[in-house]
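Encoded as structure tokens, the structure appears first; notes follow it.
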Amino acid sequence: MGLYATFRRINVGGTDFDALTEDRVVAMVRDALRRGAGGRIITPNVDILRQARTDPGVRAHLADATLVVADGMPLVWASQLAGSPLPERVAGSSLLWSLSHGLGLDGRSVFVLGGDPPAAGTAAGAVRAARRITAACPGLRVAGTLSPPYGFDRDPAHLDRVCAEVVAARPDLVLVGLGFPKQERIIDRLRARMPAAWFLGCGAAVNFAAGDQVRAPLWMQRSGLEWAHRLGTEPRRLAGRYLRHDAPYALRLLATTAAARHAVSRRTSPGRALPRRPASRRAVP
């Protein structure tokens, strides 16, 4: 890839996304690690995109990311309606596995941070997730696992201990499944001390890998209905967010994108091809 890898960036709902397939993301991370360059991947979904409109902290996380890829079919559909299509959905729950497989081919290491804390007779979620990941990804080494108790980040001393344990393990990849935006705030702290490592904030993906939650069937993932499956499994926690905020935002995003595309189309002369909106370029060291 040379010293820099460049690729298109496509704006969806005010956020720039990198026009990359999942395979391309994995290849770029492997190449960067070979060159000693670290980075950070964020996979915004509709909820994160909605928050980014009004929350400067969310926008700062997105601006700090090395790679920003779309975790949500509505975002892919919106890019298609705008005439600058993203190649595919790249979900954090899928990247956990594909990155682990790719790094296993190189004999790299991973640290799993997140999952349910240990209970009586049950190993911590991060431990169980790491076991499953390494069983499926030959060559991958586990640098460490940690499932801190809920609310640990509100105790500065406990947060410092968690970060120190991750730093001391010196992993190549840190999978942080603590939910957005907590996981991104912790990645902020770790990146400054681990410039050669890669970080993926992957939300519930650690729970999926541990077997504590079941991901939606493939047909629901591809048809944009994974949110409905999540809602069915955690209705009390997710109903307000999904039904009151995210679903209306997604519908507005698609409607306004389609209307803007139609308005541009009407301004073009008959028989003339509609030009695509210019996309910016991102360079990754």
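Following the order of the structure tokens, chains are lettered A, B, ..., residues in each are numbered from 1, and ligands are numbered from 1.
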
Contact table segment 103-190 of chain A vs segment 83-97 of chain A, cut-off 12 Å, shortest pair per residue, only C-alpha atoms, as CSV:
residue,atom,partner,partner_atom,distance
A:Leu103,CA,A:Trp97,CA,9.9
A:Gly104,CA,A:Trp97,CA,10.4
A:Val110,CA,A:Leu96,CA,10.3
A:Phe111,CA,A:Leu96,CA,11.5
A:Val112,CA,A:Leu96,CA,10.1
A:Ala129,CA,A:Leu96,CA,10.5
A:Ala130,CA,A:Leu96,CA,10.8
A:Arg132,CA,A:Trp97,CA,10.0
A:Ile133,CA,A:Trp97,CA,7.1
A:Thr134,CA,A:Trp97,CA,9.8
A:Ala135,CA,A:Trp97,CA,11.2
A:Ala136,CA,A:Trp97,CA,8.5
A:Cys137,CA,A:Trp97,CA,8.1
A:Pro138,CA,A:Trp97,CA,11.8
A:Leu140,CA,A:Trp97,CA,11.1
A:Leu173,CA,A:Leu96,CA,10.0
A:Val174,CA,A:Leu96,CA,9.9
A:Leu175,CA,A:Leu96,CA,7.3
A:Val176,CA,A:Leu96,CA,9.9
A:Gly177,CA,A:Gly92,CA,9.6
A:Gly179,CA,A:Gly92,CA,11.5
A:Phe180,CA,A:Gly92,CA,11.8

- [ ] Could you give me, as number ranges by chain, each residue of segment 57-201 of chain A that DSSP assigns to strand (DSSP E) when run on this structure's backbone?
- [x] A: 67-68, 109-114, 141-146, 173-177, 198-201

Selected residues written out with N, CA, C and O atoms, as a compact mmCIF listing (two decimals), in the first residue's frame:
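Here's the written file result_37.txt:
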# COMPACT_ATOMS: atom_id res chain seq x y z
N LEU A 67 -10.33 5.27 10.97
CA LEU A 67 -11.30 4.74 10.01
C LEU A 67 -12.70 4.88 10.59
O LEU A 67 -12.93 4.56 11.76
N VAL A 68 -13.62 5.36 9.76
CA VAL A 68 -15.03 5.47 10.14
C VAL A 68 -15.84 4.71 9.11
O VAL A 68 -15.87 5.07 7.93
N SER A 109 -1.64 -10.20 18.70
CA SER A 109 -2.31 -10.39 19.99
C SER A 109 -3.50 -9.45 20.14
O SER A 109 -3.56 -8.38 19.52
N VAL A 110 -4.43 -9.85 21.00
CA VAL A 110 -5.64 -9.09 21.24
C VAL A 110 -5.90 -8.99 22.73
O VAL A 110 -5.56 -9.90 23.50
N PHE A 111 -6.46 -7.86 23.15
CA PHE A 111 -6.94 -7.67 24.52
C PHE A 111 -8.44 -7.45 24.42
O PHE A 111 -8.90 -6.59 23.66
N VAL A 112 -9.21 -8.21 25.20
CA VAL A 112 -10.67 -8.08 25.20
C VAL A 112 -11.08 -7.36 26.47
O VAL A 112 -10.86 -7.85 27.59
N LEU A 113 -11.69 -6.21 26.31
CA LEU A 113 -12.12 -5.38 27.43
C LEU A 113 -13.63 -5.19 27.33
O LEU A 113 -14.13 -4.60 26.37
N GLY A 114 -14.36 -5.71 28.32
CA GLY A 114 -15.82 -5.58 28.30
C GLY A 114 -16.48 -6.90 28.68
O GLY A 114 -15.84 -7.81 29.20
N ARG A 141 -3.11 -14.53 19.57
CA ARG A 141 -2.71 -14.64 20.97
C ARG A 141 -3.55 -13.69 21.83
O ARG A 141 -3.89 -12.60 21.38
N VAL A 142 -3.87 -14.12 23.03
CA VAL A 142 -4.63 -13.28 23.97
C VAL A 142 -3.64 -12.59 24.89
O VAL A 142 -2.97 -13.23 25.72
N ALA A 143 -3.53 -11.28 24.76
CA ALA A 143 -2.65 -10.51 25.62
C ALA A 143 -3.27 -10.29 26.99
O ALA A 143 -2.55 -10.11 27.99
N GLY A 144 -4.60 -10.29 27.05
CA GLY A 144 -5.27 -10.09 28.32
C GLY A 144 -6.77 -9.96 28.14
O GLY A 144 -7.27 -9.76 27.03
N THR A 145 -7.48 -10.09 29.24
CA THR A 145 -8.94 -9.92 29.24
C THR A 145 -9.33 -9.19 30.52
O THR A 145 -8.67 -9.32 31.55
N LEU A 146 -10.40 -8.42 30.44
CA LEU A 146 -10.86 -7.69 31.62
C LEU A 146 -12.33 -7.33 31.45
O LEU A 146 -12.72 -6.76 30.42
N LEU A 173 -4.18 -5.35 19.19
CA LEU A 173 -5.56 -4.92 18.97
C LEU A 173 -6.29 -4.95 20.31
O LEU A 173 -6.17 -5.92 21.06
N VAL A 174 -7.03 -3.89 20.60
CA VAL A 174 -7.86 -3.84 21.80
C VAL A 174 -9.32 -3.78 21.38
O VAL A 174 -9.74 -2.83 20.68
N LEU A 175 -10.09 -4.78 21.77
CA LEU A 175 -11.52 -4.81 21.51
C LEU A 175 -12.22 -4.28 22.75
O LEU A 175 -12.14 -4.89 23.82
N VAL A 176 -12.89 -3.14 22.61
CA VAL A 176 -13.50 -2.47 23.76
C VAL A 176 -15.01 -2.52 23.61
O VAL A 176 -15.60 -1.78 22.82
N GLY A 177 -15.64 -3.42 24.36
CA GLY A 177 -17.09 -3.60 24.27
C GLY A 177 -17.79 -3.10 25.51
O GLY A 177 -18.31 -3.88 26.31
N TRP A 198 -4.04 -0.90 17.70
CA TRP A 198 -5.32 -0.56 17.07
C TRP A 198 -6.45 -0.81 18.06
O TRP A 198 -6.36 -1.70 18.91
N PHE A 199 -7.50 0.01 17.95
CA PHE A 199 -8.63 -0.05 18.86
C PHE A 199 -9.94 -0.13 18.08
O PHE A 199 -10.12 0.58 17.08
N LEU A 200 -10.82 -1.00 18.55
CA LEU A 200 -12.17 -1.10 17.98
C LEU A 200 -13.18 -1.02 19.11
O LEU A 200 -13.22 -1.89 19.99
N GLY A 201 -13.99 0.04 19.13
CA GLY A 201 -15.12 0.11 20.04
C GLY A 201 -16.26 -0.70 19.45
O GLY A 201 -16.81 -0.32 18.42

- [ ] Could you give me the residues within segment 56-131 of chain A that DSSP places in alpha helix (DSSP H), as number ranges by chain?
- [x] A: 56-64, 73-82, 92-105, 125-131

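Minimum atom-to-atom distance to Gly139 of chain A, evaluated using only C-alpha atoms, belongs to A:Leu105 out of A:Leu105, A:Leu159, A:Val166, A:Leu81.
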
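Between atom CA of Ser98 of chain A and atom CA of Ser147 of chain A the interatomic distance comes to 22.0 Å.
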
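The space between atom CA of Leu251 of chain A and atom CA of Thr66 of chain A spans 28.5 Å.
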
Open item on the list: Just want the 12 Å neighbourhood of Asp64 of chain A, counted on only C-alpha atoms, with same-chain residues fewer than 2 positions away dropped. Output as a list in words.
Closed with: Gly39, Arg40, Ile41, Ile42, Gly57, Val58, Arg59, Ala60, His61, Leu62, Thr66, Leu67, Val68, Glu184, Arg185, Ile187, Asp188, Arg191, Ala192 and Phe199 of chain A

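The closest residue to Gly38 of chain A, picked from A:His245, A:Arg193, A:Arg215, A:Arg222 and counting only C-alpha atoms, is A:Arg193.
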
Open item on the list: At a cut-off of 9 Å, using only C-alpha atoms, what residues contact Pro118 of chain A? Leave out same-chain residues fewer than 4 positions from it and give the result as a count of residues only.
Closed with: 7

Kindly assemble as CSV a list of the segment 84-161 of chain A residues that lie within 9 Å of segment 27-37 of chain A, each paired with its nearest atom pair and their distance in Å to one decimal, using only C-alpha atoms, sorted first by chain and then by ascending residue number.
residue,atom,partner,partner_atom,distance
A:Leu99,CA,A:Val29,CA,8.0
A:Gly102,CA,A:Arg30,CA,7.1
A:Leu103,CA,A:Arg30,CA,6.6
A:Asp106,CA,A:Arg30,CA,7.9

TODO: Identify, on the basis of only C-alpha atoms, every residue whose closest approach to Asp18 of chain A does not exceed 9 Å; exclude the query and any residue fewer than 3 positions from it along the same chain; express the result as a VMD selection string.
DONE: chain A and resid 7 to 11 67 to 70 86 281 to 282

Print the selection's residues with all heavy atoms to a file, as a short mmCIF file (atom, residue, chain, number, x, y, z; two decimals), in the first residue's frame.
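Heads up, here's the output in again.cif:
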data_model
loop_
_atom_site.label_atom_id
_atom_site.label_comp_id
_atom_site.auth_asym_id
_atom_site.auth_seq_id
_atom_site.Cartn_x
_atom_site.Cartn_y
_atom_site.Cartn_z
N PHE A 7 -8.27 6.73 0.25
CA PHE A 7 -9.55 6.20 -0.19
C PHE A 7 -10.61 7.28 -0.03
O PHE A 7 -10.40 8.28 0.66
CB PHE A 7 -9.94 4.94 0.61
CG PHE A 7 -9.64 5.06 2.08
CD1 PHE A 7 -10.57 5.59 2.95
CD2 PHE A 7 -8.43 4.64 2.59
CE1 PHE A 7 -10.31 5.70 4.30
CE2 PHE A 7 -8.15 4.74 3.94
CZ PHE A 7 -9.09 5.27 4.79
N ARG A 8 -11.73 7.04 -0.68
CA ARG A 8 -12.79 8.05 -0.69
C ARG A 8 -13.50 8.13 0.65
O ARG A 8 -13.62 7.15 1.37
CB ARG A 8 -13.82 7.71 -1.76
CG ARG A 8 -13.36 7.90 -3.18
CD ARG A 8 -14.54 7.84 -4.14
NE ARG A 8 -15.38 6.69 -3.89
CZ ARG A 8 -16.71 6.68 -3.99
NH1 ARG A 8 -17.36 7.78 -4.29
NH2 ARG A 8 -17.40 5.57 -3.78
N ARG A 9 -13.98 9.31 0.94
CA ARG A 9 -14.83 9.53 2.11
C ARG A 9 -16.16 10.07 1.61
O ARG A 9 -16.20 10.94 0.74
CB ARG A 9 -14.18 10.52 3.07
CG ARG A 9 -12.78 10.13 3.49
CD ARG A 9 -12.12 11.21 4.32
NE ARG A 9 -12.70 11.31 5.64
CZ ARG A 9 -12.53 12.35 6.45
NH1 ARG A 9 -11.84 13.39 6.05
NH2 ARG A 9 -13.06 12.35 7.65
N ILE A 10 -17.24 9.55 2.16
CA ILE A 10 -18.59 9.89 1.70
C ILE A 10 -19.37 10.44 2.89
O ILE A 10 -19.43 9.82 3.95
CB ILE A 10 -19.28 8.66 1.10
CG1 ILE A 10 -18.55 8.23 -0.18
CG2 ILE A 10 -20.75 8.92 0.83
CD1 ILE A 10 -19.01 6.91 -0.74
N ASN A 11 -19.96 11.61 2.70
CA ASN A 11 -20.70 12.25 3.78
C ASN A 11 -22.14 11.73 3.83
O ASN A 11 -22.86 11.76 2.84
CB ASN A 11 -20.72 13.77 3.60
CG ASN A 11 -21.27 14.47 4.82
OD1 ASN A 11 -22.47 14.60 4.98
ND2 ASN A 11 -20.38 14.93 5.69
N LEU A 67 -10.33 5.27 10.97
CA LEU A 67 -11.30 4.74 10.01
C LEU A 67 -12.70 4.88 10.59
O LEU A 67 -12.93 4.56 11.76
CB LEU A 67 -11.02 3.26 9.71
CG LEU A 67 -9.66 2.91 9.10
CD1 LEU A 67 -9.51 1.39 9.00
CD2 LEU A 67 -9.50 3.55 7.73
N VAL A 68 -13.62 5.36 9.76
CA VAL A 68 -15.03 5.47 10.14
C VAL A 68 -15.84 4.71 9.11
O VAL A 68 -15.87 5.07 7.93
CB VAL A 68 -15.50 6.94 10.19
CG1 VAL A 68 -16.97 7.02 10.59
CG2 VAL A 68 -14.63 7.75 11.15
N VAL A 69 -16.50 3.62 9.54
CA VAL A 69 -17.27 2.80 8.61
C VAL A 69 -18.69 2.65 9.14
O VAL A 69 -18.94 2.73 10.34
CB VAL A 69 -16.61 1.42 8.41
CG1 VAL A 69 -15.36 1.54 7.56
CG2 VAL A 69 -16.27 0.76 9.74
N ALA A 70 -19.62 2.43 8.24
CA ALA A 70 -21.05 2.50 8.56
C ALA A 70 -21.57 1.18 9.11
O ALA A 70 -21.58 0.17 8.41
CB ALA A 70 -21.85 2.91 7.33
N LEU A 86 -21.88 3.88 -0.33
CA LEU A 86 -20.89 3.13 0.43
C LEU A 86 -20.92 1.68 -0.06
O LEU A 86 -21.98 1.17 -0.43
CB LEU A 86 -21.22 3.18 1.92
CG LEU A 86 -21.05 4.54 2.60
CD1 LEU A 86 -21.73 4.56 3.96
CD2 LEU A 86 -19.57 4.88 2.74
N ARG A 281 -11.03 12.80 0.32
CA ARG A 281 -10.10 11.68 0.44
C ARG A 281 -9.52 11.65 1.84
O ARG A 281 -9.31 12.68 2.46
CB ARG A 281 -8.96 11.82 -0.58
CG ARG A 281 -9.37 12.15 -1.97
CD ARG A 281 -10.02 11.04 -2.70
NE ARG A 281 -9.13 9.91 -2.93
CZ ARG A 281 -9.44 8.89 -3.71
NH1 ARG A 281 -10.60 8.86 -4.34
NH2 ARG A 281 -8.60 7.88 -3.88
N ARG A 282 -9.28 10.45 2.34
CA ARG A 282 -8.64 10.31 3.63
C ARG A 282 -7.32 9.58 3.43
O ARG A 282 -7.24 8.63 2.66
CB ARG A 282 -9.51 9.49 4.59
CG ARG A 282 -8.93 9.41 6.01
CD ARG A 282 -9.62 8.33 6.82
NE ARG A 282 -10.99 8.65 7.11
CZ ARG A 282 -11.42 9.25 8.21
NH1 ARG A 282 -10.55 9.64 9.10
NH2 ARG A 282 -12.69 9.49 8.40
#

Task: Distance criterion (only C-alpha atoms): nearest to Leu49 of chain A out of A:Ala197, A:Val12, A:Val214, A:Ala126 - done: A:Val12

Open item on the list: My list of candidates is A:Val76, A:Leu178, A:Ala205, A:Ile186. Which is closest to Pro156 of chain A when distances are computed with only C-alpha atoms?
Closed with: A:Ile186

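The shortest atom-to-atom distance to Asp23 of chain A, with only C-alpha atoms taken into account, belongs to A:His101 out of A:Gly151, A:Ala210, A:Gly115, A:His101.
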
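The gap separating atom CA of Ile48 of chain A from atom CA of Tyr249 of chain A is 11.0 Å, in Å to one decimal.
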